[in-house]
$ cat data.txt   # compact mmCIF, C-alpha atoms and all ligand atoms
# COMPACT_ATOMS: atom_id res chain seq x y z
CA MET E 215 -23.94 -3.66 -57.85
CA ASN E 216 -25.00 -7.07 -59.05
CA ARG E 217 -28.08 -7.95 -57.02
CA HIS E 218 -27.94 -11.62 -57.98
CA ARG E 219 -24.39 -11.99 -56.87
CA SER E 220 -25.10 -10.53 -53.43
CA LEU E 221 -27.86 -13.12 -52.96
CA ALA E 222 -25.76 -16.04 -54.15
CA PRO E 223 -25.25 -18.62 -51.35
CA VAL E 224 -21.87 -18.49 -49.68
CA PRO E 225 -20.40 -21.96 -49.05
CA CYS E 226 -18.64 -22.99 -45.84
CA ARG E 227 -14.94 -22.88 -46.69
CA ARG E 228 -14.47 -26.23 -44.95
CA CYS E 229 -17.33 -28.45 -46.11
CA GLY E 230 -19.01 -26.40 -48.83
CA ALA E 231 -22.45 -26.34 -47.14
CA PRO E 232 -24.29 -23.06 -47.77
CA LEU E 233 -23.90 -20.61 -44.88
CA GLY E 234 -26.94 -19.02 -43.26
CA PRO E 235 -26.96 -15.25 -42.77
CA LEU E 236 -25.92 -15.48 -39.09
CA GLN E 237 -23.13 -17.91 -39.87
CA ARG E 238 -21.91 -15.53 -42.54
CA LEU E 239 -21.66 -12.78 -39.95
CA ARG E 240 -19.61 -15.06 -37.65
CA GLY E 241 -17.13 -16.18 -40.24
CA GLU E 242 -16.54 -18.29 -43.28
CA ALA E 243 -17.29 -21.72 -41.84
CA CYS E 244 -20.52 -23.41 -40.82
CA GLU E 245 -21.58 -24.64 -37.38
CA ALA E 246 -20.76 -28.30 -37.99
CA LEU E 247 -18.49 -29.59 -35.23
CA ASP E 248 -15.68 -30.63 -37.59
CA CYS E 249 -15.71 -27.29 -39.38
CA ARG E 250 -15.68 -25.31 -36.12
CA ARG E 251 -12.92 -27.47 -34.71
CA ALA E 252 -10.83 -26.97 -37.87
CA GLU E 253 -11.36 -23.20 -37.63
CA VAL E 254 -10.24 -23.12 -33.99
CA ASP E 255 -7.21 -25.30 -34.74
CA GLU E 256 -6.21 -23.01 -37.55
CA ARG E 257 -6.62 -19.90 -35.39
CA LEU E 258 -4.56 -21.45 -32.57
CA ALA E 259 -1.83 -22.45 -35.03
CA ARG E 260 -1.76 -18.89 -36.39
CA GLU E 261 -1.55 -17.43 -32.88
CA ARG E 262 1.19 -19.83 -31.90
CA GLU E 263 3.16 -19.02 -35.04
CA ALA E 264 2.76 -15.26 -34.43
CA ALA E 265 3.82 -15.60 -30.77
CA LEU E 266 6.84 -17.67 -31.74
CA GLN E 267 7.79 -15.27 -34.52
CA ALA E 268 7.63 -12.36 -32.07
CA ARG E 269 9.75 -14.27 -29.57
CA LEU E 270 12.21 -15.25 -32.26
CA ARG E 271 12.62 -11.65 -33.40
CA ARG E 272 13.03 -10.45 -29.80
CA ARG E 273 15.57 -13.11 -28.90
CA THR E 274 17.69 -12.67 -32.01
CA ARG E 275 17.39 -8.87 -32.19
CA HIS E 276 20.89 -8.28 -30.88
CA GLU E 277 22.37 -10.27 -33.77
CA SER E 278 19.98 -9.25 -36.51
CA THR E 279 21.32 -8.07 -39.82
CA PRO E 280 19.06 -6.92 -42.66
CA ALA E 281 19.45 -10.38 -44.25
CA LEU E 282 18.31 -12.05 -41.04
CA THR E 283 15.38 -9.76 -40.41
CA THR E 284 13.81 -10.64 -43.73
CA ALA E 285 14.94 -14.28 -43.89
CA PRO E 286 12.11 -16.83 -44.12
CA VAL E 287 11.71 -18.92 -40.97
CA ILE E 288 11.48 -22.71 -41.25
CA TRP E 289 9.91 -24.29 -38.17
CA LEU E 290 10.94 -27.78 -37.18
CA GLN E 291 9.53 -30.24 -34.69
CA PRO E 292 11.55 -30.61 -31.48
CA ASN E 293 14.36 -33.11 -31.60
CA ARG E 294 16.82 -33.95 -28.88
CA ASN E 295 19.49 -36.47 -29.68
CA ARG E 296 20.97 -38.48 -26.88
CA LEU E 297 23.53 -41.10 -27.82
CA ILE E 298 23.31 -44.48 -26.11
CA ASP E 299 24.97 -47.86 -26.70
CA ILE E 300 22.92 -50.02 -29.04
CA ARG E 301 21.06 -52.41 -26.75
CA THR E 302 21.82 -56.09 -27.22
CA ALA E 303 18.15 -56.93 -27.77
CA GLU E 304 17.73 -54.17 -30.39
CA ARG E 305 20.83 -55.33 -32.24
CA ALA E 306 19.58 -58.93 -32.17
CA ARG E 307 16.17 -57.86 -33.51
CA TYR E 308 17.80 -55.91 -36.32
CA LEU E 309 20.14 -58.78 -37.26
CA ALA E 310 17.27 -61.28 -37.20
CA GLN E 311 15.26 -59.02 -39.47
CA LEU E 312 18.21 -58.69 -41.88
CA GLU E 313 18.52 -62.46 -41.94
CA ARG E 314 14.79 -62.87 -42.65
CA VAL E 315 14.93 -60.33 -45.48
CA ALA E 316 18.03 -61.93 -47.00
CA ALA E 317 16.28 -65.33 -47.01
CA LEU E 318 13.42 -63.99 -49.16
CA ALA E 319 13.48 -64.69 -52.88
CA ALA E 320 15.25 -62.08 -54.97
CA PRO E 321 12.84 -59.75 -56.75
CA GLU E 322 12.35 -60.83 -60.37
CA ALA E 323 13.49 -57.53 -61.76
CA ALA E 324 15.63 -55.44 -59.46
CA GLU E 325 14.04 -52.05 -58.96
CA PRO E 326 16.34 -49.34 -60.16
CA ALA E 327 17.39 -47.08 -57.32
CA ALA E 328 15.50 -43.85 -57.24
CA ASP E 329 17.92 -41.04 -57.86
CA ALA E 330 19.93 -41.12 -54.65
CA LYS E 331 20.08 -37.37 -54.83
CA PRO E 332 17.33 -35.66 -52.86
CA PRO E 333 14.83 -33.48 -54.77
CA SER E 334 17.08 -30.47 -54.41
CA ASP E 335 20.62 -30.97 -53.30
CA SER E 336 21.27 -27.42 -52.20
CA ALA E 337 23.71 -27.00 -49.36
CA ILE E 338 20.99 -25.25 -47.38
CA ARG E 339 18.84 -28.41 -47.51
CA GLY E 340 21.62 -30.47 -45.96
CA ARG E 341 22.14 -27.77 -43.36
CA LEU E 342 18.49 -27.87 -42.33
CA CYS E 343 18.64 -31.64 -41.79
CA ALA E 344 21.97 -31.29 -39.97
CA PHE E 345 20.44 -28.60 -37.72
CA CYS E 346 17.47 -30.90 -37.06
CA ALA E 347 19.77 -33.90 -36.60
CA GLY E 348 17.41 -36.41 -38.12
CA ARG E 349 14.11 -36.37 -36.27
CA CYS E 350 12.60 -38.41 -39.11
CA CYS E 351 15.11 -41.22 -38.52
CA ARG E 352 13.00 -42.23 -35.49
CA TYR E 353 10.77 -44.02 -37.98
CA GLY E 354 13.75 -46.14 -38.97
CA LEU E 355 13.87 -47.86 -35.57
CA ALA E 356 10.70 -49.93 -35.90
CA GLN E 357 11.23 -50.24 -39.65
CA HIS E 358 14.79 -51.59 -39.30
CA ALA E 359 16.26 -48.83 -41.46
CA PHE E 360 13.72 -49.64 -44.21
CA ILE E 361 15.97 -52.42 -45.52
CA ASP E 362 14.03 -54.76 -47.78
CA ARG E 363 14.98 -57.52 -50.20
CA ALA E 364 15.08 -55.17 -53.18
CA LEU E 365 17.59 -52.97 -51.37
CA LEU E 366 19.81 -55.96 -50.58
CA GLN E 367 19.52 -56.98 -54.22
CA ARG E 368 20.85 -53.63 -55.35
CA TRP E 369 23.92 -54.25 -53.22
CA VAL E 370 24.28 -57.79 -54.66
CA GLU E 371 24.19 -56.40 -58.19
CA ARG E 372 26.90 -53.92 -57.40
CA HIS E 373 29.06 -56.76 -56.05
CA PRO E 374 29.17 -59.51 -58.70
CA GLY E 375 29.33 -63.00 -57.26
CA SER E 376 27.93 -61.92 -53.89
CA THR E 377 24.82 -63.21 -52.15
CA ALA E 378 21.97 -61.59 -50.24
CA GLN E 379 23.62 -62.85 -47.04
CA ASP E 380 26.79 -60.92 -47.99
CA ALA E 381 24.63 -57.85 -48.50
CA ALA E 382 23.01 -58.34 -45.10
CA ALA E 383 26.47 -58.66 -43.55
CA ALA E 384 27.55 -55.44 -45.28
CA TYR E 385 24.60 -53.61 -43.72
CA ALA E 386 25.25 -55.12 -40.32
CA ALA E 387 28.88 -54.02 -40.57
CA GLN E 388 27.72 -50.39 -40.79
CA LEU E 389 25.97 -50.46 -37.41
CA PRO E 390 27.57 -47.99 -35.04
CA ARG E 391 28.33 -48.90 -31.45
CA ARG E 392 26.27 -45.99 -30.18
CA HIS E 393 23.14 -44.61 -31.75
CA VAL E 394 20.59 -41.90 -31.08
CA GLU E 395 18.16 -43.10 -28.45
CA ALA E 396 14.73 -44.06 -29.80
CA SER E 397 15.96 -43.62 -33.36
CA CYS E 398 17.16 -45.91 -36.15
CA LEU E 399 20.09 -48.10 -35.15
CA HIS E 400 22.04 -46.56 -38.04
CA HIS E 401 21.48 -43.08 -36.59
CA GLY E 402 24.91 -42.45 -35.15
CA ARG E 403 26.74 -39.47 -33.70
CA ASP E 404 27.33 -37.86 -37.10
CA GLY E 405 24.06 -38.84 -38.73
CA CYS E 406 23.32 -41.91 -40.81
CA THR E 407 26.10 -44.48 -40.82
CA LEU E 408 24.98 -45.92 -44.16
CA PRO E 409 26.51 -44.34 -47.27
CA ARG E 410 23.77 -42.69 -49.32
CA GLY E 411 23.96 -45.42 -51.97
CA MET E 412 23.11 -48.07 -49.37
CA ARG E 413 20.13 -46.19 -47.94
CA SER E 414 16.57 -46.96 -48.92
CA ASP E 415 14.73 -44.69 -51.32
CA ILE E 416 12.54 -43.53 -48.49
CA CYS E 417 15.60 -42.43 -46.50
CA ASN E 418 17.06 -40.61 -49.49
CA ARG E 419 13.87 -38.89 -50.52
CA PHE E 420 11.87 -38.20 -47.37
CA ALA E 421 11.04 -34.58 -46.68
CA CYS E 422 9.20 -33.51 -43.52
CA ALA E 423 6.89 -30.50 -43.63
CA GLY E 424 9.77 -28.20 -42.66
CA LEU E 425 12.04 -29.51 -45.39
CA ALA E 426 9.24 -29.43 -47.96
CA GLY E 427 8.60 -25.81 -46.94
CA LEU E 428 12.27 -25.03 -47.41
CA GLU E 429 12.25 -26.67 -50.86
CA GLN E 430 9.31 -24.48 -51.86
CA THR E 431 10.90 -21.34 -50.45
CA VAL E 432 14.19 -22.03 -52.21
CA ALA E 433 12.42 -22.81 -55.51
CA ALA E 434 10.28 -19.66 -55.27
CA ASP E 435 12.87 -17.06 -54.43
CA ALA E 436 16.20 -18.60 -53.50
CA PRO E 437 16.73 -16.62 -50.29
CA ALA E 438 20.40 -16.17 -49.37
CA THR E 439 19.66 -16.97 -45.73
CA VAL E 440 16.92 -18.88 -43.95
CA VAL E 441 16.34 -19.09 -40.23
CA ALA E 442 15.77 -22.59 -38.88
CA ALA E 443 13.89 -22.65 -35.61
CA MET E 444 12.93 -25.52 -33.38
CA ALA E 445 10.12 -24.96 -30.92
CA GLU E 446 8.21 -27.01 -28.41
CA GLY E 447 4.84 -25.45 -27.66
CA GLN E 448 5.58 -21.77 -27.10
CA ARG E 449 9.21 -22.40 -26.20
CA LEU E 450 12.08 -21.84 -28.61
CA LEU E 451 14.63 -24.62 -28.28
CA ARG E 452 17.20 -23.82 -30.96
CA VAL E 453 17.63 -21.28 -33.74
CA ALA E 454 20.24 -20.99 -36.48
CA ALA E 455 20.85 -18.91 -39.58
CA LEU E 456 21.57 -21.14 -42.57
CA ASP E 457 23.14 -20.07 -45.85
CA GLU E 458 25.36 -21.53 -48.54
CA ALA E 459 28.43 -20.85 -46.41
CA GLY E 460 27.30 -22.63 -43.27
CA ALA E 461 25.06 -22.69 -40.23
CA ARG E 462 25.36 -20.09 -37.49
CA PRO E 463 23.59 -20.80 -34.22
CA LEU E 464 21.60 -17.85 -32.85
CA ARG E 465 20.93 -17.48 -29.16
CA ALA E 466 17.39 -18.75 -28.69
CA ARG E 467 16.92 -17.92 -25.03
S1 LIG L 501 13.69 -34.28 -43.31
FE1 LIG L 501 12.90 -32.96 -41.69
S2 LIG L 501 12.80 -34.30 -39.87
FE2 LIG L 501 14.16 -35.28 -41.36
S3 LIG L 501 16.25 -34.56 -40.82
FE3 LIG L 501 15.45 -33.19 -42.42
S4 LIG L 501 14.56 -31.48 -41.29
FE4 LIG L 501 14.76 -33.19 -39.83
S1 LIG L 502 18.98 -45.72 -42.48
FE1 LIG L 502 19.92 -43.76 -42.08
S2 LIG L 502 18.62 -42.23 -43.08
FE2 LIG L 502 17.44 -44.15 -42.94
S3 LIG L 502 16.27 -43.96 -41.03
FE3 LIG L 502 18.19 -45.01 -40.53
S4 LIG L 502 19.61 -43.39 -39.91
FE4 LIG L 502 17.90 -42.41 -40.97
ZN ZN L 503 -18.81 -26.62 -42.84
$ encode --input "data.txt" --output "structure tokens"
Amino acid sequence: MNRHRSLAPVPCRRCGAPLGPLQRLRGEACEALDCRRAEVDERLAREREAALQARLRRRTRHESTPALTTAPVIWLQPNRNRLIDIRTAERARYLAQLERVAALAAPEAAEPAADAKPPSDSAIRGRLCAFCAGRCCRYGLAQHAFIDRALLQRWVERHPGSTAQDAAAAYAAQLPRRHVEASCLHHGRDGCTLPRGMRSDICNRFACAGLAGLEQTVAADAPATVVAAMAEGQRLLRVAALDEAGARPLRAR
């Protein structure tokens, strides 16, 4: 045994400070408040994940197939979509913002659209977002669908002879009558009412932690099936099996 190695200081895995002998007995992190808090948070997250996994397996046992039992689970944040009529004041705010943006000077060089295709365009990716029903589109409410002058300019360039005001009118024309409460005004019953080519780069490319996890899982070992699960605290809200063929809801409770 290498005597020197056994005496080498062991760093806290959070902050890198050398651990004293007692601290080393207690774990891999030091006594600093931030490090201890991070350790507890991580342990609680692990316990929550394990409890949810156990619940998920119990609840879906009656419909488990070998593919389902080994399928990776993608956890999503809770999302409940309630449709409401677009409020007059919200519509007015959105239209005023469009008007303000259209009045800005055109960008000197129009930014080329980022590839409108998401990082991976697998059917399973779309199914995950459809299962989730667009929780991330809540950000689009305050941000007025992320429509800026460069985006309007792209529309202008695709429609020779048109103006930024025409572009603004084209966006306004895509507003649905009803939208998902507390979400983007373009978040309608069947998802985004803007065609992909009219959406901002951020809309086309955003990936939440769940979607990023799915991308990684698909890139690493292309599972035939993944289980999408939505939980709130320790409660399972919705579960579905997703594959290339479709989405199959599983009984979550
Ligand atoms: S990116 Fe994430 S939050 Fe947004 S719709 Fe897809 S799964 Fe839901
Ligand atoms: S424009 Fe469409 S994709 Fe973007 S936030 Fe609004 S509803 Fe979501
Ligand atoms: Zn530390």
$ residues_near_ligand --input "data.txt" --ligand "ligand LIG 502 (chain L)" --cutoff "7 Å" --atoms "all atoms listed in the file" --output "list in words"
Gly348, Cys350, Cys351, Arg352, Tyr353, Gly354, Ala359, Phe360, Cys398, Leu399, His400, His401, Gly405, Cys406, Thr407, Leu408, Arg413, Ser414, Cys417 and Asn418 of chain E
$ residues_near_ligand --input "data.txt" --ligand "ligand LIG 501 (chain L)" --cutoff "8 Å" --atoms "only C-alpha atoms and all ligand atoms" --output "mmCIF file with C-alpha atoms, keeping the file's coordinate frame"
data_model
loop_
_atom_site.group_PDB
_atom_site.id
_atom_site.type_symbol
_atom_site.label_atom_id
_atom_site.label_comp_id
_atom_site.auth_asym_id
_atom_site.auth_seq_id
_atom_site.Cartn_x
_atom_site.Cartn_y
_atom_site.Cartn_z
ATOM 1 C CA LEU E 290 10.940 -27.780 -37.180
ATOM 2 C CA GLN E 291 9.530 -30.240 -34.690
ATOM 3 C CA ARG E 339 18.840 -28.410 -47.510
ATOM 4 C CA GLY E 340 21.620 -30.470 -45.960
ATOM 5 C CA LEU E 342 18.490 -27.870 -42.330
ATOM 6 C CA CYS E 343 18.640 -31.640 -41.790
ATOM 7 C CA ALA E 344 21.970 -31.290 -39.970
ATOM 8 C CA PHE E 345 20.440 -28.600 -37.720
ATOM 9 C CA CYS E 346 17.470 -30.900 -37.060
ATOM 10 C CA ALA E 347 19.770 -33.900 -36.600
ATOM 11 C CA GLY E 348 17.410 -36.410 -38.120
ATOM 12 C CA ARG E 349 14.110 -36.370 -36.270
ATOM 13 C CA CYS E 350 12.600 -38.410 -39.110
ATOM 14 C CA CYS E 351 15.110 -41.220 -38.520
ATOM 15 C CA PHE E 420 11.870 -38.200 -47.370
ATOM 16 C CA ALA E 421 11.040 -34.580 -46.680
ATOM 17 C CA CYS E 422 9.200 -33.510 -43.520
ATOM 18 C CA ALA E 423 6.890 -30.500 -43.630
ATOM 19 C CA GLY E 424 9.770 -28.200 -42.660
ATOM 20 C CA LEU E 425 12.040 -29.510 -45.390
#
$ closest_residue --input "data.txt" --among "E:Gln311, E:Ser336, E:Gln237, E:Asn295" --to "E:Arg363" --atoms "only C-alpha atoms"
E:Gln311
$ atom_distance --input "data.txt" --atom1 "atom CA of E:His358" --atom2 "atom CA of E:Glu304"
9.7 Å
$ closest_residue --input "data.txt" --among "E:Gln379, E:Thr279, E:Gln388, E:Thr274" --to "E:Glu313" --atoms "only C-alpha atoms"
E:Gln379
$ residues_near_ligand --input "data.txt" --ligand "ligand ZN 503 (chain L)" --cutoff "7 Å" --atoms "all atoms listed in the file" --output "list in words"
Cys226, Arg227, Arg228, Cys229, Gly230, Ala231, Ala243, Cys244, Glu245, Ala246 and Cys249 of chain E
$ closest_residue --input "data.txt" --among "E:Ala356, E:Ile288, E:Val441, E:Ala455" --to "E:Leu428" --atoms "all atoms listed in the file"
E:Ile288
$ closest_residue --input "data.txt" --among "E:Ala454, E:Leu312, E:Ala320, E:Val440" --to "E:Ala387" --atoms "only C-alpha atoms"
E:Leu312
